[in-house]
file final.txt (compact mmCIF, C-alpha atoms)
# COMPACT_ATOMS: atom_id res chain seq x y z
CA MET E 1258 27.32 -20.19 1.84
CA PRO E 1259 23.54 -19.66 1.57
CA ALA E 1260 22.23 -16.36 2.85
CA LYS E 1261 20.67 -16.54 6.31
CA MET E 1262 16.91 -16.14 6.45
CA TYR E 1263 15.13 -14.98 9.58
CA TYR E 1264 11.71 -16.16 10.71
CA ASP E 1265 9.16 -15.52 13.48
CA ASN E 1266 11.36 -16.95 16.21
CA ASP E 1267 14.21 -14.60 15.23
CA ALA E 1268 12.17 -11.40 15.51
CA ASP E 1269 11.19 -10.34 19.01
CA PRO E 1270 7.85 -8.46 19.00
CA LYS E 1271 8.76 -6.97 22.39
CA ALA E 1272 11.17 -4.65 20.54
CA LEU E 1273 8.11 -2.56 19.61
CA ALA E 1274 6.25 -2.93 22.90
CA GLY E 1275 4.66 0.33 23.99
CA GLN E 1276 5.66 2.10 20.79
CA THR E 1277 3.43 3.83 18.26
CA ILE E 1278 3.93 3.28 14.53
CA ALA E 1279 2.91 5.97 12.04
CA VAL E 1280 2.36 4.78 8.48
CA ILE E 1281 2.53 7.79 6.16
CA GLY E 1282 0.26 7.05 3.22
CA PHE E 1283 -2.52 4.52 2.69
CA GLY E 1284 -1.93 3.46 -0.90
CA SER E 1285 -0.48 0.29 -2.43
CA GLN E 1286 1.94 -0.44 0.40
CA GLY E 1287 0.56 1.82 3.11
CA HIS E 1288 -2.84 0.18 3.44
CA ALA E 1289 -1.28 -3.25 3.83
CA HIS E 1290 1.35 -2.10 6.33
CA ALA E 1291 -1.15 -0.26 8.51
CA GLN E 1292 -3.77 -3.01 8.58
CA ASN E 1293 -1.34 -5.91 9.02
CA LEU E 1294 0.47 -4.14 11.87
CA HIS E 1295 -2.83 -3.16 13.49
CA GLU E 1296 -4.13 -6.73 13.33
CA SER E 1297 -0.83 -7.98 14.74
CA GLY E 1298 -1.64 -6.04 17.89
CA LEU E 1299 0.68 -3.07 17.38
CA SER E 1300 -0.28 0.56 18.01
CA VAL E 1301 -0.75 2.13 14.59
CA ILE E 1302 -1.75 5.55 13.30
CA VAL E 1303 -1.90 6.66 9.67
CA GLY E 1304 -0.66 10.05 8.52
CA LEU E 1305 -2.52 11.61 5.58
CA ALA E 1306 -3.06 15.01 4.01
CA PRO E 1307 -6.12 16.81 5.40
CA GLY E 1308 -8.21 16.32 2.26
CA SER E 1309 -7.16 12.75 1.48
CA LYS E 1310 -9.98 10.47 0.30
CA SER E 1311 -8.26 7.61 2.11
CA ARG E 1312 -9.19 8.98 5.53
CA ALA E 1313 -12.57 7.24 5.47
CA HIS E 1314 -10.92 3.92 4.55
CA VAL E 1315 -8.46 4.21 7.43
CA GLU E 1316 -11.22 4.94 9.91
CA ALA E 1317 -13.31 2.07 8.53
CA ALA E 1318 -10.37 -0.23 9.30
CA GLY E 1319 -10.48 0.92 12.92
CA ILE E 1320 -7.19 2.83 12.74
CA ARG E 1321 -6.58 6.39 13.90
CA VAL E 1322 -5.80 8.95 11.19
CA MET E 1323 -3.92 12.21 11.65
CA ASP E 1324 -2.32 14.91 9.57
CA VAL E 1325 1.21 13.82 8.62
CA ALA E 1326 3.07 16.23 10.92
CA ASP E 1327 0.94 15.26 13.91
CA ALA E 1328 1.41 11.57 13.18
CA VAL E 1329 5.19 12.01 13.11
CA LYS E 1330 5.13 13.86 16.43
CA ALA E 1331 3.03 11.10 18.03
CA ALA E 1332 5.07 8.17 16.71
CA ASP E 1333 8.15 6.24 17.74
CA VAL E 1334 8.42 4.53 14.34
CA ILE E 1335 7.59 6.27 11.05
CA MET E 1336 7.12 4.29 7.82
CA ILE E 1337 7.14 6.49 4.70
CA ALA E 1338 4.79 4.70 2.30
CA VAL E 1339 4.09 7.44 -0.26
CA PRO E 1340 5.36 7.25 -3.87
CA ASP E 1341 9.12 7.52 -4.48
CA THR E 1342 8.75 10.74 -6.43
CA VAL E 1343 6.66 12.37 -3.67
CA GLN E 1344 8.71 11.28 -0.66
CA LYS E 1345 11.27 14.08 -0.73
CA ALA E 1346 8.64 16.84 -0.64
CA VAL E 1347 6.60 15.14 2.10
CA TYR E 1348 9.73 14.43 4.12
CA GLU E 1349 11.04 18.00 3.95
CA ALA E 1350 7.69 19.68 4.65
CA GLU E 1351 6.03 17.38 7.18
CA ILE E 1352 8.44 14.80 8.54
CA ALA E 1353 11.94 16.26 8.96
CA PRO E 1354 10.86 19.26 11.10
CA ASN E 1355 9.14 16.92 13.57
CA LEU E 1356 11.75 14.19 14.03
CA ARG E 1357 13.26 13.64 17.46
CA ARG E 1358 16.00 11.52 18.94
CA GLY E 1359 15.14 7.84 19.36
CA GLN E 1360 12.66 7.59 16.51
CA LEU E 1361 13.02 4.94 13.80
CA LEU E 1362 12.47 6.31 10.28
CA MET E 1363 11.53 3.50 7.90
CA PHE E 1364 11.14 2.93 4.18
CA ALA E 1365 9.54 0.19 2.08
CA HIS E 1366 12.01 0.81 -0.77
CA GLY E 1367 15.50 2.29 -0.61
CA PHE E 1368 15.24 4.64 -3.60
CA ASN E 1369 15.34 8.00 -1.81
CA ILE E 1370 18.12 7.00 0.58
CA ARG E 1371 20.21 5.29 -2.11
CA PHE E 1372 20.10 8.29 -4.44
CA GLY E 1373 20.55 10.90 -1.71
CA ARG E 1374 17.17 12.59 -2.10
CA ILE E 1375 16.49 12.15 1.61
CA VAL E 1376 19.32 12.53 4.15
CA PRO E 1377 17.98 11.81 7.65
CA PRO E 1378 19.57 13.51 10.68
CA ASP E 1379 22.17 11.43 12.52
CA PHE E 1380 20.09 11.26 15.71
CA VAL E 1381 17.33 9.00 14.28
CA ASP E 1382 17.47 5.31 13.42
CA VAL E 1383 16.90 4.49 9.74
CA GLY E 1384 15.59 1.11 8.63
CA MET E 1385 13.80 -0.60 5.77
CA VAL E 1386 11.37 -3.46 5.30
CA ALA E 1387 10.75 -4.12 1.61
CA PRO E 1388 8.14 -6.85 1.02
CA LYS E 1389 8.78 -8.82 -2.15
CA GLY E 1390 5.31 -8.44 -3.54
CA PRO E 1391 2.63 -5.83 -4.27
CA GLY E 1392 0.73 -4.32 -1.36
CA HIS E 1393 -2.53 -6.10 -2.14
CA LEU E 1394 -0.71 -9.45 -1.92
CA LEU E 1395 1.05 -8.45 1.29
CA ARG E 1396 -2.43 -7.85 2.69
CA SER E 1397 -4.30 -10.84 1.25
CA VAL E 1398 -1.57 -13.37 2.08
CA TYR E 1399 -1.45 -12.05 5.66
CA VAL E 1400 -5.23 -12.37 6.00
CA ALA E 1401 -5.00 -15.95 4.71
CA GLY E 1402 -2.47 -16.76 7.44
CA GLY E 1403 0.69 -16.61 5.35
CA GLY E 1404 3.34 -14.03 4.64
CA VAL E 1405 5.25 -12.37 1.83
CA PRO E 1406 9.06 -12.61 2.06
CA ALA E 1407 10.87 -9.33 2.61
CA LEU E 1408 14.26 -7.67 2.58
CA TYR E 1409 15.26 -5.60 5.58
CA ALA E 1410 18.13 -3.23 6.25
CA VAL E 1411 19.47 -0.79 8.80
CA GLU E 1412 21.18 2.38 7.58
CA GLN E 1413 21.60 4.21 10.90
CA ASP E 1414 21.40 2.94 14.46
CA PRO E 1415 22.24 5.63 17.05
CA SER E 1416 19.79 4.10 19.54
CA GLY E 1417 21.24 0.59 19.25
CA THR E 1418 17.71 -0.80 18.77
CA ALA E 1419 17.17 -0.27 15.04
CA ARG E 1420 17.78 -3.84 13.94
CA ALA E 1421 15.53 -5.39 16.59
CA ARG E 1422 12.76 -2.89 15.88
CA THR E 1423 13.03 -3.31 12.12
CA MET E 1424 12.79 -7.09 12.43
CA ALA E 1425 9.83 -6.76 14.80
CA TYR E 1426 8.15 -4.49 12.23
CA ALA E 1427 8.68 -7.16 9.56
CA ARG E 1428 7.10 -9.70 11.90
CA GLY E 1429 4.10 -7.41 12.38
CA LEU E 1430 3.63 -7.35 8.60
CA GLY E 1431 3.64 -11.17 8.55
CA CYS E 1432 6.84 -11.28 6.51
CA THR E 1433 8.78 -13.43 9.00
CA ARG E 1434 6.22 -16.18 8.38
CA ALA E 1435 7.85 -16.58 4.95
CA GLY E 1436 11.34 -15.33 5.83
CA ILE E 1437 13.25 -12.06 5.72
CA LEU E 1438 16.74 -11.46 4.34
CA GLU E 1439 19.15 -8.81 5.61
CA THR E 1440 20.56 -6.47 2.96
CA THR E 1441 21.53 -2.82 2.44
CA PHE E 1442 19.56 0.11 1.04
CA ALA E 1443 21.84 0.17 -2.02
CA GLU E 1444 21.55 -3.56 -2.74
CA GLU E 1445 17.75 -3.57 -2.32
CA THR E 1446 17.26 -0.53 -4.52
CA GLU E 1447 19.56 -1.59 -7.34
CA THR E 1448 18.31 -5.19 -7.53
CA ASP E 1449 14.67 -4.14 -7.21
CA LEU E 1450 14.89 -1.62 -10.05
CA PHE E 1451 16.83 -4.09 -12.18
CA GLY E 1452 14.33 -6.90 -11.61
CA GLU E 1453 11.42 -4.65 -12.53
CA GLN E 1454 13.02 -3.31 -15.67
CA ALA E 1455 14.95 -6.26 -17.08
CA LEU E 1456 12.48 -9.03 -16.31
CA LEU E 1457 9.42 -8.74 -14.08
CA CYS E 1458 7.76 -5.77 -15.77
CA GLY E 1459 9.81 -4.47 -18.69
CA GLY E 1460 11.33 -7.70 -19.95
CA VAL E 1461 8.19 -9.81 -19.65
CA SER E 1462 5.94 -7.12 -21.16
CA ALA E 1463 8.24 -6.66 -24.14
CA MET E 1464 8.57 -10.42 -24.75
CA VAL E 1465 4.81 -11.01 -24.49
CA LYS E 1466 4.05 -8.22 -26.97
CA ALA E 1467 6.78 -9.35 -29.38
CA ALA E 1468 5.56 -12.97 -29.32
CA PHE E 1469 1.94 -11.90 -29.83
CA GLU E 1470 2.86 -9.59 -32.71
CA THR E 1471 4.97 -12.29 -34.37
CA LEU E 1472 2.03 -14.71 -34.46
CA VAL E 1473 -0.56 -12.13 -35.58
CA GLU E 1474 1.73 -10.73 -38.29
CA ALA E 1475 2.20 -14.31 -39.55
CA GLY E 1476 -1.56 -14.59 -40.03
CA TYR E 1477 -2.63 -16.46 -36.90
CA GLN E 1478 -5.82 -15.52 -35.07
CA PRO E 1479 -5.25 -12.84 -32.40
CA GLU E 1480 -7.33 -14.82 -29.90
CA LEU E 1481 -5.14 -17.88 -30.36
CA ALA E 1482 -2.03 -15.71 -30.09
CA TYR E 1483 -3.33 -14.24 -26.82
CA PHE E 1484 -3.85 -17.67 -25.25
CA GLU E 1485 -0.38 -18.81 -26.30
CA THR E 1486 1.58 -15.74 -25.24
CA MET E 1487 -0.35 -14.19 -22.34
CA HIS E 1488 -2.91 -16.55 -20.82
CA GLU E 1489 -0.61 -19.56 -20.50
CA LEU E 1490 2.17 -17.47 -19.01
CA LYS E 1491 0.59 -17.64 -15.55
CA LEU E 1492 0.41 -21.43 -15.73
CA ILE E 1493 4.13 -21.64 -16.44
CA VAL E 1494 5.08 -19.04 -13.84
CA ASP E 1495 3.02 -20.87 -11.21
CA LEU E 1496 5.08 -24.01 -11.86
CA MET E 1497 8.31 -22.03 -11.46
CA TYR E 1498 6.93 -20.39 -8.31
CA ARG E 1499 6.33 -23.78 -6.72
CA GLY E 1500 9.42 -25.67 -7.83
CA GLY E 1501 11.77 -23.55 -9.91
CA LEU E 1502 12.79 -24.14 -13.52
CA ASN E 1503 13.30 -27.84 -12.85
CA PHE E 1504 9.68 -28.38 -11.78
CA MET E 1505 8.41 -26.37 -14.74
CA ARG E 1506 10.43 -28.51 -17.14
CA PHE E 1507 9.35 -31.67 -15.30
CA SER E 1508 5.70 -30.65 -15.70
CA VAL E 1509 5.64 -29.70 -19.39
CA SER E 1510 5.98 -32.10 -22.32
CA ASP E 1511 9.36 -33.35 -23.51
CA THR E 1512 8.75 -31.42 -26.73
CA ALA E 1513 8.26 -28.19 -24.81
CA GLU E 1514 11.33 -28.87 -22.67
CA TYR E 1515 13.50 -29.55 -25.72
CA GLY E 1516 12.22 -26.35 -27.38
CA ASP E 1517 13.10 -24.50 -24.16
CA TYR E 1518 16.74 -25.53 -24.44
CA VAL E 1519 17.26 -24.99 -28.16
CA SER E 1520 15.10 -21.91 -28.83
CA GLY E 1521 15.19 -19.91 -25.60
CA PRO E 1522 18.83 -18.80 -26.10
CA ARG E 1523 18.03 -17.76 -29.70
CA VAL E 1524 15.15 -15.56 -28.59
CA THR E 1525 17.17 -13.88 -25.85
CA GLU E 1526 20.42 -13.51 -27.80
CA GLY E 1527 21.91 -10.18 -26.81
CA ALA E 1528 19.53 -9.84 -23.87
CA LYS E 1529 22.18 -10.31 -21.21
CA ALA E 1530 24.33 -7.54 -22.66
CA ALA E 1531 21.28 -5.26 -22.66
CA MET E 1532 20.56 -6.25 -19.07
CA LYS E 1533 24.08 -5.22 -18.08
CA ASP E 1534 23.46 -1.82 -19.66
CA VAL E 1535 20.21 -1.50 -17.72
CA LEU E 1536 22.01 -2.39 -14.49
CA THR E 1537 24.71 0.20 -15.19
CA ASP E 1538 22.05 2.88 -15.70
CA ILE E 1539 20.61 1.98 -12.31
CA GLN E 1540 23.92 1.78 -10.45
CA THR E 1541 25.16 5.11 -11.78
CA GLY E 1542 21.90 6.89 -10.94
CA GLN E 1543 21.09 7.66 -14.59
CA PHE E 1544 17.72 5.94 -14.42
CA ALA E 1545 16.83 7.66 -11.15
CA SER E 1546 17.76 11.05 -12.59
CA ARG E 1547 15.64 10.45 -15.70
CA TRP E 1548 12.64 9.29 -13.68
CA ILE E 1549 12.81 12.17 -11.20
CA ALA E 1550 13.23 14.71 -14.01
CA GLU E 1551 10.29 13.18 -15.88
CA MET E 1552 7.96 13.63 -12.93
CA GLU E 1553 9.28 17.08 -12.01
CA GLN E 1554 8.47 18.17 -15.57
CA GLY E 1555 4.87 17.00 -15.22
CA GLY E 1556 5.12 13.37 -16.33
CA GLU E 1557 3.74 13.94 -19.83
CA GLY E 1558 6.20 11.53 -21.45
CA PHE E 1559 5.31 8.87 -18.89
CA ARG E 1560 1.59 9.32 -19.61
CA ARG E 1561 2.19 9.06 -23.37
CA MET E 1562 4.02 5.76 -22.95
CA ARG E 1563 1.24 4.45 -20.70
CA GLU E 1564 -1.47 5.38 -23.20
CA ALA E 1565 0.45 3.94 -26.15
CA ASP E 1566 0.68 0.52 -24.55
CA ARG E 1567 -2.86 0.61 -23.16
CA GLY E 1568 -4.18 0.48 -26.72
CA HIS E 1569 -2.04 -2.47 -27.86
CA GLN E 1570 -4.01 -5.19 -29.64
CA ILE E 1571 -3.11 -7.80 -27.04
CA GLU E 1572 -4.86 -5.67 -24.40
CA GLU E 1573 -8.01 -5.29 -26.52
CA VAL E 1574 -8.20 -9.01 -27.32
CA GLY E 1575 -7.30 -10.01 -23.77
CA ALA E 1576 -9.93 -7.79 -22.15
CA ARG E 1577 -12.63 -9.35 -24.32
CA LEU E 1578 -11.52 -12.93 -23.62
CA ARG E 1579 -11.02 -12.39 -19.89
CA GLY E 1580 -14.49 -10.88 -19.71
CA GLN E 1581 -15.88 -14.30 -20.65
CA MET E 1582 -13.84 -16.06 -17.96
CA THR E 1583 -15.52 -14.72 -14.85
CA PHE E 1584 -13.73 -17.30 -12.69
CA LEU E 1585 -10.57 -15.25 -13.22
CA ASN E 1586 -12.18 -12.31 -11.42
CA PRO E 1587 -11.00 -10.13 -14.33
CA VAL E 1588 -10.24 -6.45 -13.90
CA GLU E 1589 -9.91 -3.74 -16.51
CA VAL E 1590 -7.75 -0.63 -16.13
CA LYS E 1591 -9.17 2.29 -18.06
CA ALA E 1592 -7.71 5.66 -19.00
CA GLY E 1593 -7.43 7.78 -15.88
CA ASP E 1594 -7.16 4.80 -13.54
CA ALA E 1595 -3.67 5.76 -12.39
CA GLN E 1596 -4.28 5.20 -8.69
CA ALA E 1597 -2.31 1.97 -8.48
CA SER E 1598 0.70 3.58 -10.10
CA ALA E 1599 0.42 6.80 -8.16
CA GLU E 1600 0.26 4.95 -4.86
CA SER E 1601 3.36 2.89 -5.66
CA SER E 1602 6.34 3.05 -3.36
CA GLY E 1603 8.78 1.31 -5.67
CA SER E 1604 7.32 -1.52 -7.78
CA LYS E 1605 3.78 -1.42 -6.38
CA ARG E 1606 5.14 -3.57 -3.64
call {"tool": "encode", "arguments": {"input": "final.txt", "output": "C-alpha cells"}}
result
Amino acid sequence: MPAKMYYDNDADPKALAGQTIAVIGFGSQGHAHAQNLHESGLSVIVGLAPGSKSRAHVEAAGIRVMDVADAVKAADVIMIAVPDTVQKAVYEAEIAPNLRRGQLLMFAHGFNIRFGRIVPPDFVDVGMVAPKGPGHLLRSVYVAGGGVPALYAVEQDPSGTARARTMAYARGLGCTRAGILETTFAEETETDLFGEQALLCGGVSAMVKAAFETLVEAGYQPELAYFETMHELKLIVDLMYRGGLNFMRFSVSDTAEYGDYVSGPRVTEGAKAAMKDVLTDIQTGQFASRWIAEMEQGGEGFRRMREADRGHQIEEVGARLRGQMTFLNPVEVKAGDAQASAESSGSKR
C-alpha cells in the first residue's frame, strides 16, 4: 500500500493559533524556517548568540531576535536549527534549563535524538519537520508559491497536541503544498544519512570524479570531459526529477538508453554491497561516533578532506567554464567559505 501523503487540507493552521515559534539559528535551514513561517502569518522570533552576525539579517526580515535562552522562555514551539555537532552544547546550556510543560521542541533532522545526544524531558512534546531539500530551496520555492516535500515525526506527545502542531508547522513552511510524509526520528535520520553518503553527495561526487579522471587519463581534453561528466548531469537529473527513470530513458537517444542497460551495472558492480556496509555503519551509530569525534577533536581531518577535493582538476576546469556561462548564475566556493557547511543541520537541508 502506498504511503499516505498529507497536504494543506490535512494540516490545521489553528493548531498554532496564538503560539510563538522560536527558531534557534538563522543559517541554512533556520533562515528559511523563520522567514517562511513569518510570511505565513505565524508569530516568530529567532534565537541567536549575542554577537551573531545574523542578527542584522533577522531584523532586516522584520523578525524579532533574542538571545537563545530568552527566545526559549518566550516560545511555545522551539525549532533547533543549528548544526548537528553544535546542538548538544546549545541545548544543554541555553535550551534545556528554560523548557516548561506544554512546549513543543522541534528538530529539522533527527540526528541528535536518534543517537541519544539530546534526551528531552518527558513533559515537553518532541517533533520533527525535515524538508527534503536545502534551506535556500525551501525558501526560494516558498517565495515562488510552491513547496518542498518534507518528512515529519512525533517522538513525544504529553500534551496530546504534538502531531497537529507539527503538521501546522510544516504547513507554515509551505511543505504541505508539495506533501508531507509521516515517519520516525530513526527512519528519517538513517535514510537521510544513507542517501547523502551512498548517492546524493558521496556516491555522485565519487562517480563524477572517476568518470572525469578516466577520460582525462585516456588523453581526452579536460574541458570535454567536464561537459560530459559534470555539466550534462543536471540535464539528466532534471529529466528524472520530472518523470523518473522512465522519462529520462524516453527522452535520451536509443543508443544512450541501450548503453544505460548494458554498461550501468558494470560500472556499479559491487556498489550495492558497499552501500549495505555504509547503511550498517549508520544504523549501528559508527558513522555518528566518527563524525562527532572528528569535530570534538577540532575537525582537522574534515578540513584536509575538504581542501583535497577543492583542488581537483574537475573543479578548476569547471570554474573556468562556468565563468563563461553567466546565464547559469555561477558561484565559486573559495578556501575559508565554510559558512554553508557550518550552518548545516543535517544535509544542508
call {"tool": "residues_around", "arguments": {"input": "final.txt", "residues": "region 1381-1392 of chain E", "least_positions_apart": "6", "cutoff": "9 Å", "atoms": "all atoms listed in the file", "output": "mmCIF file with C-alpha atoms, keeping the file's coordinate frame"}}
result
data_model
loop_
_atom_site.group_PDB
_atom_site.id
_atom_site.type_symbol
_atom_site.label_atom_id
_atom_site.label_comp_id
_atom_site.auth_asym_id
_atom_site.auth_seq_id
_atom_site.Cartn_x
_atom_site.Cartn_y
_atom_site.Cartn_z
ATOM 1 C CA GLY E 1284 -1.930 3.460 -0.900
ATOM 2 C CA SER E 1285 -0.480 0.290 -2.430
ATOM 3 C CA GLN E 1286 1.940 -0.440 0.400
ATOM 4 C CA GLY E 1287 0.560 1.820 3.110
ATOM 5 C CA HIS E 1288 -2.840 0.180 3.440
ATOM 6 C CA ALA E 1289 -1.280 -3.250 3.830
ATOM 7 C CA HIS E 1290 1.350 -2.100 6.330
ATOM 8 C CA MET E 1336 7.120 4.290 7.820
ATOM 9 C CA LEU E 1356 11.750 14.190 14.030
ATOM 10 C CA ARG E 1357 13.260 13.640 17.460
ATOM 11 C CA ARG E 1358 16.000 11.520 18.940
ATOM 12 C CA GLY E 1359 15.140 7.840 19.360
ATOM 13 C CA GLN E 1360 12.660 7.590 16.510
ATOM 14 C CA LEU E 1361 13.020 4.940 13.800
ATOM 15 C CA LEU E 1362 12.470 6.310 10.280
ATOM 16 C CA MET E 1363 11.530 3.500 7.900
ATOM 17 C CA PHE E 1364 11.140 2.930 4.180
ATOM 18 C CA ALA E 1365 9.540 0.190 2.080
ATOM 19 C CA HIS E 1366 12.010 0.810 -0.770
ATOM 20 C CA GLY E 1367 15.500 2.290 -0.610
ATOM 21 C CA VAL E 1405 5.250 -12.370 1.830
ATOM 22 C CA PRO E 1406 9.060 -12.610 2.060
ATOM 23 C CA ALA E 1407 10.870 -9.330 2.610
ATOM 24 C CA LEU E 1408 14.260 -7.670 2.580
ATOM 25 C CA TYR E 1409 15.260 -5.600 5.580
ATOM 26 C CA ALA E 1410 18.130 -3.230 6.250
ATOM 27 C CA VAL E 1411 19.470 -0.790 8.800
ATOM 28 C CA GLU E 1412 21.180 2.380 7.580
ATOM 29 C CA GLN E 1413 21.600 4.210 10.900
ATOM 30 C CA ASP E 1414 21.400 2.940 14.460
ATOM 31 C CA PRO E 1415 22.240 5.630 17.050
ATOM 32 C CA SER E 1416 19.790 4.100 19.540
ATOM 33 C CA GLY E 1417 21.240 0.590 19.250
ATOM 34 C CA THR E 1418 17.710 -0.800 18.770
ATOM 35 C CA ALA E 1419 17.170 -0.270 15.040
ATOM 36 C CA ARG E 1420 17.780 -3.840 13.940
ATOM 37 C CA ARG E 1422 12.760 -2.890 15.880
ATOM 38 C CA THR E 1423 13.030 -3.310 12.120
ATOM 39 C CA MET E 1424 12.790 -7.090 12.430
ATOM 40 C CA TYR E 1426 8.150 -4.490 12.230
ATOM 41 C CA ALA E 1427 8.680 -7.160 9.560
ATOM 42 C CA LEU E 1430 3.630 -7.350 8.600
ATOM 43 C CA CYS E 1432 6.840 -11.280 6.510
ATOM 44 C CA ILE E 1437 13.250 -12.060 5.720
ATOM 45 C CA THR E 1441 21.530 -2.820 2.440
ATOM 46 C CA PHE E 1442 19.560 0.110 1.040
ATOM 47 C CA GLU E 1445 17.750 -3.570 -2.320
ATOM 48 C CA SER E 1601 3.360 2.890 -5.660
ATOM 49 C CA SER E 1604 7.320 -1.520 -7.780
ATOM 50 C CA LYS E 1605 3.780 -1.420 -6.380
ATOM 51 C CA ARG E 1606 5.140 -3.570 -3.640
#
call {"tool": "atom_distance", "arguments": {"input": "final.txt", "atom1": "CA of Val1524 (chain E)", "atom2": "CA of Thr1537 (chain E)"}}
result
22.8 Å
call {"tool": "atom_distance", "arguments": {"input": "final.txt", "atom1": "CA of Pro1377 (chain E)", "atom2": "CA of Thr1342 (chain E)"}}
result
16.9 Å
call {"tool": "atom_distance", "arguments": {"input": "final.txt", "atom1": "CA of Arg1434 (chain E)", "atom2": "CA of Pro1259 (chain E)"}}
result
18.9 Å
call {"tool": "residues_around", "arguments": {"input": "final.txt", "residues": "Asn1369 (chain E)", "least_positions_apart": "6", "cutoff": "9 Å", "atoms": "all atoms listed in the file", "output": "MDAnalysis selection string"}}
result
chainID E and resid 1341:1342 1344:1345 1375:1376
call {"tool": "write_last_selection", "arguments": {"input": "final.txt", "atoms": "C-alpha atoms", "output": "PDB file, in the frame of the given file"}}
result
ATOM      1  CA  ASP E1341       9.120   7.520  -4.480  1.00  0.00           C
ATOM      2  CA  THR E1342       8.750  10.740  -6.430  1.00  0.00           C
ATOM      3  CA  GLN E1344       8.710  11.280  -0.660  1.00  0.00           C
ATOM      4  CA  LYS E1345      11.270  14.080  -0.730  1.00  0.00           C
ATOM      5  CA  ILE E1375      16.490  12.150   1.610  1.00  0.00           C
ATOM      6  CA  VAL E1376      19.320  12.530   4.150  1.00  0.00           C
TER       7      VAL E1376
END
call {"tool": "residues_around", "arguments": {"input": "final.txt", "residues": "Leu1305 (chain E)", "least_positions_apart": "2", "cutoff": "12 Å", "atoms": "all atoms listed in the file", "output": "VMD selection string"}}
result
chain E and resid 1279 to 1284 1287 to 1288 1302 to 1303 1307 to 1316 1321 to 1329 1337 to 1339 1347 1351 to 1352
call {"tool": "residues_around", "arguments": {"input": "final.txt", "residues": "region 1567-1573 of chain E", "least_positions_apart": "5", "cutoff": "9 Å", "atoms": "all atoms listed in the file", "output": "mmCIF file with C-alpha atoms, keeping the file's coordinate frame"}}
result
data_model
loop_
_atom_site.group_PDB
_atom_site.id
_atom_site.type_symbol
_atom_site.label_atom_id
_atom_site.label_comp_id
_atom_site.auth_asym_id
_atom_site.auth_seq_id
_atom_site.Cartn_x
_atom_site.Cartn_y
_atom_site.Cartn_z
ATOM 1 C CA VAL E 1465 4.810 -11.010 -24.490
ATOM 2 C CA LYS E 1466 4.050 -8.220 -26.970
ATOM 3 C CA PHE E 1469 1.940 -11.900 -29.830
ATOM 4 C CA GLU E 1470 2.860 -9.590 -32.710
ATOM 5 C CA PRO E 1479 -5.250 -12.840 -32.400
ATOM 6 C CA GLU E 1480 -7.330 -14.820 -29.900
ATOM 7 C CA ALA E 1482 -2.030 -15.710 -30.090
ATOM 8 C CA TYR E 1483 -3.330 -14.240 -26.820
ATOM 9 C CA MET E 1487 -0.350 -14.190 -22.340
ATOM 10 C CA MET E 1562 4.020 5.760 -22.950
ATOM 11 C CA LEU E 1578 -11.520 -12.930 -23.620
ATOM 12 C CA VAL E 1590 -7.750 -0.630 -16.130
ATOM 13 C CA LYS E 1591 -9.170 2.290 -18.060
ATOM 14 C CA ALA E 1592 -7.710 5.660 -19.000
#
call {"tool": "closest_residue", "arguments": {"input": "final.txt", "among": "E:Gly1298, E:Pro1587, E:Gly1575, E:Gly1436", "to": "Leu1481 (chain E)", "atoms": "all atoms listed in the file"}}
result
E:Gly1575
call {"tool": "decode", "arguments": {"input": "final.txt", "residues": "region 1486-1498 of chain E", "atoms": "N, CA and C atoms", "output": "CSV table (one decimal), in the first residue's frame"}}
result
chain,number,residue,atom,x,y,z
E,1486,THR,N,30.8,14.8,-18.0
E,1486,THR,CA,30.6,14.1,-16.7
E,1486,THR,C,30.0,15.0,-15.7
E,1487,MET,N,30.1,16.3,-15.8
E,1487,MET,CA,29.5,17.2,-14.8
E,1487,MET,C,28.4,18.1,-15.3
E,1488,HIS,N,28.6,18.8,-16.4
E,1488,HIS,CA,27.7,19.7,-16.9
E,1488,HIS,C,26.4,19.0,-17.3
E,1489,GLU,N,26.5,17.9,-18.1
E,1489,GLU,CA,25.3,17.3,-18.5
E,1489,GLU,C,24.5,16.5,-17.4
E,1490,LEU,N,25.1,16.3,-16.3
E,1490,LEU,CA,24.5,15.6,-15.2
E,1490,LEU,C,23.2,16.3,-14.8
E,1491,LYS,N,23.2,17.6,-14.7
E,1491,LYS,CA,21.9,18.3,-14.4
E,1491,LYS,C,20.8,18.1,-15.4
E,1492,LEU,N,21.2,18.0,-16.6
E,1492,LEU,CA,20.1,17.8,-17.7
E,1492,LEU,C,19.5,16.4,-17.5
E,1493,ILE,N,20.3,15.4,-17.1
E,1493,ILE,CA,19.7,14.1,-16.9
E,1493,ILE,C,18.9,14.0,-15.6
E,1494,VAL,N,19.4,14.6,-14.6
E,1494,VAL,CA,18.7,14.6,-13.3
E,1494,VAL,C,17.4,15.4,-13.4
E,1495,ASP,N,17.4,16.5,-14.2
E,1495,ASP,CA,16.1,17.2,-14.3
E,1495,ASP,C,15.1,16.3,-15.0
E,1496,LEU,N,15.5,15.5,-15.9
E,1496,LEU,CA,14.5,14.6,-16.6
E,1496,LEU,C,14.0,13.6,-15.5
E,1497,MET,N,14.9,13.0,-14.7
E,1497,MET,CA,14.4,12.1,-13.7
E,1497,MET,C,13.5,12.8,-12.7
E,1498,TYR,N,13.9,14.0,-12.3
E,1498,TYR,CA,13.1,14.8,-11.4
E,1498,TYR,C,11.6,14.9,-11.8
